[in-house]
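Working notes, beginning with the structure itself.
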Amino acid sequence: MAETQPTPAQPAAPAAAPTPPPKPQNPALRMMGLPNLPRKLPSRNWMIFWGITGAFASFIIYDKREKKRATAKWRRLVAPMANEPIGAANQLPRKLTIYLEAPPGDSLRTAQDHFIEYAKPVLAASGLDWEFVQGRQQGDVRAAVAEKIRRLRRKTEQPTEDVPPTEEDNLEALRKRMNLPEYQGVKGDIVMGRHTWKEYVRGLHEGWLGSLQAPPQPIVEPKSQTGEDGEKKEAPAEEEKKPDRPPQPLPHNKPEDYALASLPPTIPEEFAPSAPLPHPHRLGFRHTFVRLGRFLNRRKLADDIGRDVAAVCFATSRDWKPQEGDETEQQLVLKSGERDWPKFVWQDEPSKDEEENSTPKPPKEKIWASPLTVDPRITSRMRRFEITPELEARAAQIKVPEEEIEGWIKGSLRSVWRWGASSFESKPKGPNVGNLDD
């Protein structure tokens, strides 16, 4: 029987290194059930990400708070006007006229949102009344301003002419029957944006220097189509569709006719003051950094617009500055806003709607792309709203409380704290009826 050889002894396994004792946990974190915080910084990429994100968020929050502070400052300045008693019950209050128009390349909603965000809070705090004149396309504001002036001139220059009454005429006739006098103080106009300002000035010149009679409709030849054999074929007649809106009236004069026109006898010595407000609006992906810079500096825009609107509320105005060089102050105001307009504004090509529409129409006047032509007889009667140094000093002394400009998170925390603190206050448990033994 073969003998089994003993196996050689295996070397003993090295003893395992003793595990280090766990690090003591922070007692505060242990009581809250939280783990220990890491003792090292995040990686370089995470540090870059959180640094950029935190900086950008801080810029947005700071600008939003300061924008609220600037608007609240001017709102508090004009707030005492809302508490002033009215003069008489049968006297109309002061009413402003606000001109809004869709910016080039965008809709009217953009101009309305701009007014609601920057100008409306100050106007609403003052307690003043206002009416809108809104335009959806180029030329609407020009036509509205000129037609308003022509109706005013017809009452004295052509009192016997039959003109179809409008809602304003019916309302004015009703006020005359009620012996309700018009407001005799300073009214004023607010014009939003450079494009609206150019049409506003153009409408003033057209209304006061133009004719009261409508110009004859220009004859426009119908479009013709060329066939395969080279012969021209007239476009097929289409069924007349009811337009969505009334056609825009043609201008009664041209800028070249200003010098030859004579002033009407009913023109006042001074027009109602006006306040052109900036409306920066740039479109396009390649302008992203410009738009981002404006987005982070909205506090400056809110302060500028609030200052001008406060001047309108207090009715402090001045004459426009005299001409320096080749252009007047009316021509230079808000001129930097033209750089934001799209390229198609400066092109003479017809729009897509005009190309698709086969019905011939007279060409429209390109007011935005044309230089702003003025007449010294009109510009000398214009006035501009401007705040006084006394009101500026009063506004600088206004301290806006923190609760008025804080955000939702901080406001919610403040409300929770006040709710918790109020629960510990002693409150009366019943009515105090006094001593019953007396």
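Letters A, B, ... mark the chains of the structure tokens in the order given; residue numbers begin at 1 per chain; ligand numbers begin at 1, in order shown.
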Problem - Spatial neighbours of region 52-62 of chain A, max dist 12 Å, only C-alpha atoms, sep filter under 6 positions, as a ChimeraX atom specification - result: /A:45-46,68-69,292-299,405-410
Exercise for the section: Go through region 243-419 of chain A and collect every residue that DSSP, computed from the backbone, puts in alpha helix (DSSP H); the answer should be as a PyMOL selection string. Expected result: chain A and resi 288-295+298-314+329-332+352-356+376-379+389-396+408-419
Exercise for the section: Determine which residues of region 313-419 of chain A receive a DSSP assignment of strand (DSSP E or B), computed from the backbone, and state them as a list in words. Expected result: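 Of region 313-419 of chain A, only Ser317, Arg318, Asp319, Glu324, Glu327, Arg383, Arg384 and Phe385 of chain A fall in strand (DSSP E or B).
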Practice task
Mind checking which residues fall within 10 Å of Ala261 (chain A), counting only C-alpha atoms, ignoring those fewer than 6 positions away in the same chain, and posting them as a ChimeraX atom specification?
Solution key: /A:208-211,253
Would you pick out the contacts of Thr379 (chain A) at 12 Å or less, using only C-alpha atoms, so that residues sharing its chain but fewer than 2 positions from it are not included, and give the list as a PDB file with N, CA, C and O atoms, in the first residue's frame?
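Result file is around33.pdb:
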```pdb
ATOM      1  N   VAL A 201     -44.635 112.741 -35.480  1.00  0.00           N
ATOM      2  CA  VAL A 201     -44.200 114.026 -36.030  1.00  0.00           C
ATOM      3  C   VAL A 201     -44.717 114.194 -37.461  1.00  0.00           C
ATOM      4  O   VAL A 201     -45.152 115.282 -37.858  1.00  0.00           O
ATOM      5  N   ARG A 202     -44.698 113.117 -38.210  1.00  0.00           N
ATOM      6  CA  ARG A 202     -45.224 113.187 -39.577  1.00  0.00           C
ATOM      7  C   ARG A 202     -46.726 113.507 -39.565  1.00  0.00           C
ATOM      8  O   ARG A 202     -47.222 114.276 -40.396  1.00  0.00           O
ATOM      9  N   LEU A 204     -48.341 115.245 -37.250  1.00  0.00           N
ATOM     10  CA  LEU A 204     -48.521 116.661 -36.902  1.00  0.00           C
ATOM     11  C   LEU A 204     -48.348 117.554 -38.124  1.00  0.00           C
ATOM     12  O   LEU A 204     -49.139 118.487 -38.347  1.00  0.00           O
ATOM     13  N   HIS A 205     -47.318 117.288 -38.909  1.00  0.00           N
ATOM     14  CA  HIS A 205     -47.094 118.110 -40.104  1.00  0.00           C
ATOM     15  C   HIS A 205     -48.204 117.904 -41.135  1.00  0.00           C
ATOM     16  O   HIS A 205     -48.629 118.856 -41.804  1.00  0.00           O
ATOM     17  N   TRP A 208     -51.570 119.780 -39.817  1.00  0.00           N
ATOM     18  CA  TRP A 208     -51.585 121.244 -39.794  1.00  0.00           C
ATOM     19  C   TRP A 208     -51.166 121.871 -41.112  1.00  0.00           C
ATOM     20  O   TRP A 208     -51.557 123.005 -41.415  1.00  0.00           O
ATOM     21  N   GLU A 269     -50.725 128.470 -30.531  1.00  0.00           N
ATOM     22  CA  GLU A 269     -49.359 128.935 -30.340  1.00  0.00           C
ATOM     23  C   GLU A 269     -48.462 127.836 -29.772  1.00  0.00           C
ATOM     24  O   GLU A 269     -47.264 127.816 -30.030  1.00  0.00           O
ATOM     25  N   GLU A 270     -49.038 126.939 -28.981  1.00  0.00           N
ATOM     26  CA  GLU A 270     -48.277 125.830 -28.411  1.00  0.00           C
ATOM     27  C   GLU A 270     -49.108 124.559 -28.525  1.00  0.00           C
ATOM     28  O   GLU A 270     -50.318 124.573 -28.275  1.00  0.00           O
ATOM     29  N   PHE A 271     -48.447 123.478 -28.902  1.00  0.00           N
ATOM     30  CA  PHE A 271     -49.096 122.180 -28.919  1.00  0.00           C
ATOM     31  C   PHE A 271     -49.010 121.544 -27.531  1.00  0.00           C
ATOM     32  O   PHE A 271     -48.278 122.014 -26.648  1.00  0.00           O
ATOM     33  N   ALA A 272     -49.758 120.478 -27.356  1.00  0.00           N
ATOM     34  CA  ALA A 272     -49.667 119.724 -26.109  1.00  0.00           C
ATOM     35  C   ALA A 272     -48.278 119.094 -26.005  1.00  0.00           C
ATOM     36  O   ALA A 272     -47.749 118.571 -26.997  1.00  0.00           O
ATOM     37  N   PRO A 273     -47.642 119.141 -24.836  1.00  0.00           N
ATOM     38  CA  PRO A 273     -46.301 118.549 -24.707  1.00  0.00           C
ATOM     39  C   PRO A 273     -46.329 117.050 -24.986  1.00  0.00           C
ATOM     40  O   PRO A 273     -47.366 116.390 -24.860  1.00  0.00           O
ATOM     41  N   SER A 274     -45.196 116.539 -25.364  1.00  0.00           N
ATOM     42  CA  SER A 274     -45.057 115.118 -25.683  1.00  0.00           C
ATOM     43  C   SER A 274     -43.826 114.562 -24.983  1.00  0.00           C
ATOM     44  O   SER A 274     -42.906 115.305 -24.630  1.00  0.00           O
ATOM     45  N   ASP A 319     -39.357 123.905 -23.771  1.00  0.00           N
ATOM     46  CA  ASP A 319     -39.256 123.988 -25.225  1.00  0.00           C
ATOM     47  C   ASP A 319     -38.167 123.036 -25.717  1.00  0.00           C
ATOM     48  O   ASP A 319     -37.185 122.759 -25.018  1.00  0.00           O
ATOM     49  N   TRP A 320     -38.363 122.557 -26.927  1.00  0.00           N
ATOM     50  CA  TRP A 320     -37.320 121.741 -27.522  1.00  0.00           C
ATOM     51  C   TRP A 320     -36.092 122.609 -27.788  1.00  0.00           C
ATOM     52  O   TRP A 320     -36.211 123.793 -28.110  1.00  0.00           O
ATOM     53  N   LYS A 321     -34.946 122.017 -27.650  1.00  0.00           N
ATOM     54  CA  LYS A 321     -33.701 122.767 -27.800  1.00  0.00           C
ATOM     55  C   LYS A 321     -33.564 123.286 -29.229  1.00  0.00           C
ATOM     56  O   LYS A 321     -34.026 122.639 -30.183  1.00  0.00           O
ATOM     57  N   PRO A 322     -32.926 124.451 -29.403  1.00  0.00           N
ATOM     58  CA  PRO A 322     -32.770 124.994 -30.771  1.00  0.00           C
ATOM     59  C   PRO A 322     -31.868 124.108 -31.607  1.00  0.00           C
ATOM     60  O   PRO A 322     -31.110 123.259 -31.094  1.00  0.00           O
ATOM     61  N   GLN A 323     -31.951 124.317 -32.884  1.00  0.00           N
ATOM     62  CA  GLN A 323     -31.209 123.484 -33.826  1.00  0.00           C
ATOM     63  C   GLN A 323     -29.711 123.696 -33.670  1.00  0.00           C
ATOM     64  O   GLN A 323     -29.216 124.814 -33.613  1.00  0.00           O
ATOM     65  N   GLU A 327     -29.508 119.021 -37.831  1.00  0.00           N
ATOM     66  CA  GLU A 327     -30.709 118.355 -37.350  1.00  0.00           C
ATOM     67  C   GLU A 327     -31.176 118.983 -36.048  1.00  0.00           C
ATOM     68  O   GLU A 327     -30.358 119.478 -35.250  1.00  0.00           O
ATOM     69  N   THR A 328     -32.475 118.961 -35.849  1.00  0.00           N
ATOM     70  CA  THR A 328     -33.067 119.490 -34.633  1.00  0.00           C
ATOM     71  C   THR A 328     -33.136 118.398 -33.567  1.00  0.00           C
ATOM     72  O   THR A 328     -32.855 117.221 -33.834  1.00  0.00           O
ATOM     73  N   GLU A 329     -33.535 118.795 -32.362  1.00  0.00           N
ATOM     74  CA  GLU A 329     -33.645 117.812 -31.285  1.00  0.00           C
ATOM     75  C   GLU A 329     -34.753 116.811 -31.579  1.00  0.00           C
ATOM     76  O   GLU A 329     -34.648 115.635 -31.210  1.00  0.00           O
ATOM     77  N   GLN A 330     -35.823 117.245 -32.237  1.00  0.00           N
ATOM     78  CA  GLN A 330     -36.886 116.310 -32.580  1.00  0.00           C
ATOM     79  C   GLN A 330     -36.394 115.238 -33.541  1.00  0.00           C
ATOM     80  O   GLN A 330     -36.875 114.104 -33.501  1.00  0.00           O
ATOM     81  N   GLN A 331     -35.449 115.580 -34.399  1.00  0.00           N
ATOM     82  CA  GLN A 331     -34.925 114.595 -35.339  1.00  0.00           C
ATOM     83  C   GLN A 331     -33.909 113.656 -34.702  1.00  0.00           C
ATOM     84  O   GLN A 331     -33.728 112.530 -35.173  1.00  0.00           O
ATOM     85  N   THR A 373     -38.305 114.621 -41.743  1.00  0.00           N
ATOM     86  CA  THR A 373     -38.324 115.999 -42.232  1.00  0.00           C
ATOM     87  C   THR A 373     -39.264 116.823 -41.362  1.00  0.00           C
ATOM     88  O   THR A 373     -40.404 116.402 -41.101  1.00  0.00           O
ATOM     89  N   VAL A 374     -38.798 117.994 -40.933  1.00  0.00           N
ATOM     90  CA  VAL A 374     -39.591 118.849 -40.051  1.00  0.00           C
ATOM     91  C   VAL A 374     -39.664 120.251 -40.630  1.00  0.00           C
ATOM     92  O   VAL A 374     -38.844 120.645 -41.468  1.00  0.00           O
ATOM     93  N   ASP A 375     -40.651 120.992 -40.170  1.00  0.00           N
ATOM     94  CA  ASP A 375     -40.834 122.381 -40.552  1.00  0.00           C
ATOM     95  C   ASP A 375     -40.680 123.244 -39.303  1.00  0.00           C
ATOM     96  O   ASP A 375     -41.273 122.936 -38.260  1.00  0.00           O
ATOM     97  N   PRO A 376     -39.891 124.299 -39.350  1.00  0.00           N
ATOM     98  CA  PRO A 376     -39.670 125.106 -38.133  1.00  0.00           C
ATOM     99  C   PRO A 376     -40.938 125.737 -37.588  1.00  0.00           C
ATOM    100  O   PRO A 376     -41.027 126.012 -36.393  1.00  0.00           O
ATOM    101  N   ARG A 377     -41.956 125.943 -38.421  1.00  0.00           N
ATOM    102  CA  ARG A 377     -43.207 126.517 -37.912  1.00  0.00           C
ATOM    103  C   ARG A 377     -43.967 125.538 -37.037  1.00  0.00           C
ATOM    104  O   ARG A 377     -44.746 125.956 -36.171  1.00  0.00           O
ATOM    105  N   ARG A 381     -43.605 125.113 -32.099  1.00  0.00           N
ATOM    106  CA  ARG A 381     -44.787 125.046 -31.244  1.00  0.00           C
ATOM    107  C   ARG A 381     -44.825 123.783 -30.388  1.00  0.00           C
ATOM    108  O   ARG A 381     -45.732 123.636 -29.567  1.00  0.00           O
ATOM    109  N   MET A 382     -43.891 122.896 -30.574  1.00  0.00           N
ATOM    110  CA  MET A 382     -43.868 121.652 -29.812  1.00  0.00           C
ATOM    111  C   MET A 382     -43.127 121.857 -28.489  1.00  0.00           C
ATOM    112  O   MET A 382     -42.217 122.688 -28.393  1.00  0.00           O
ATOM    113  N   ARG A 383     -43.528 121.086 -27.492  1.00  0.00           N
ATOM    114  CA  ARG A 383     -42.891 121.106 -26.181  1.00  0.00           C
ATOM    115  C   ARG A 383     -42.624 119.672 -25.739  1.00  0.00           C
ATOM    116  O   ARG A 383     -43.276 118.727 -26.197  1.00  0.00           O
ATOM    117  N   ARG A 384     -41.657 119.543 -24.837  1.00  0.00           N
ATOM    118  CA  ARG A 384     -41.242 118.221 -24.370  1.00  0.00           C
ATOM    119  C   ARG A 384     -41.337 118.162 -22.849  1.00  0.00           C
ATOM    120  O   ARG A 384     -40.922 119.086 -22.151  1.00  0.00           O
TER     121      ARG A 384
END
```
Contacts between region 174-197 of chain A and region 310-350 of chain A, please, where a residue of region 310-350 of chain A counts if it comes within 12 Å (with only C-alpha atoms); show its shortest atom pair and distance in Å to one decimal, rows by chain and ascending number, as CSV.
```
residue,atom,partner,partner_atom,distance
A:Ala310,CA,A:Ile190,CA,11.5
A:Ala311,CA,A:Gly188,CA,10.5
A:Val312,CA,A:Gly188,CA,7.1
A:Cys313,CA,A:Gly188,CA,9.2
A:Phe314,CA,A:Val186,CA,9.8
A:Ala315,CA,A:Val186,CA,6.6
A:Thr316,CA,A:Val186,CA,9.3
A:Ser317,CA,A:Gly188,CA,9.7
A:Gln330,CA,A:Trp197,CA,9.0
A:Gln331,CA,A:Trp197,CA,9.5
A:Leu332,CA,A:Arg194,CA,9.9
A:Val333,CA,A:Arg194,CA,7.8
A:Leu334,CA,A:Arg194,CA,5.5
A:Lys335,CA,A:Arg194,CA,6.6
A:Ser336,CA,A:Arg194,CA,8.4
A:Gly337,CA,A:Arg194,CA,6.1
A:Glu338,CA,A:Arg194,CA,7.1
A:Arg339,CA,A:Arg194,CA,10.5
A:Asp340,CA,A:Arg194,CA,10.3
A:Trp341,CA,A:His195,CA,9.3
A:Val345,CA,A:His195,CA,10.8
```
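Between CA of Trp368 (chain A) and CA of Pro251 (chain A) there is a distance of 14.7 Å.
Of the listed residues A:Ile116, A:Leu96, A:Val400, A:Leu283, the one whose atoms come nearest to Leu77 (chain A) is A:Val400, with distances taken using only C-alpha atoms.
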Fill in the blank from the handout: Correct to one decimal, the distance CA of Leu92 (chain A)-CA of Thr266 (chain A) is 23.3 Å
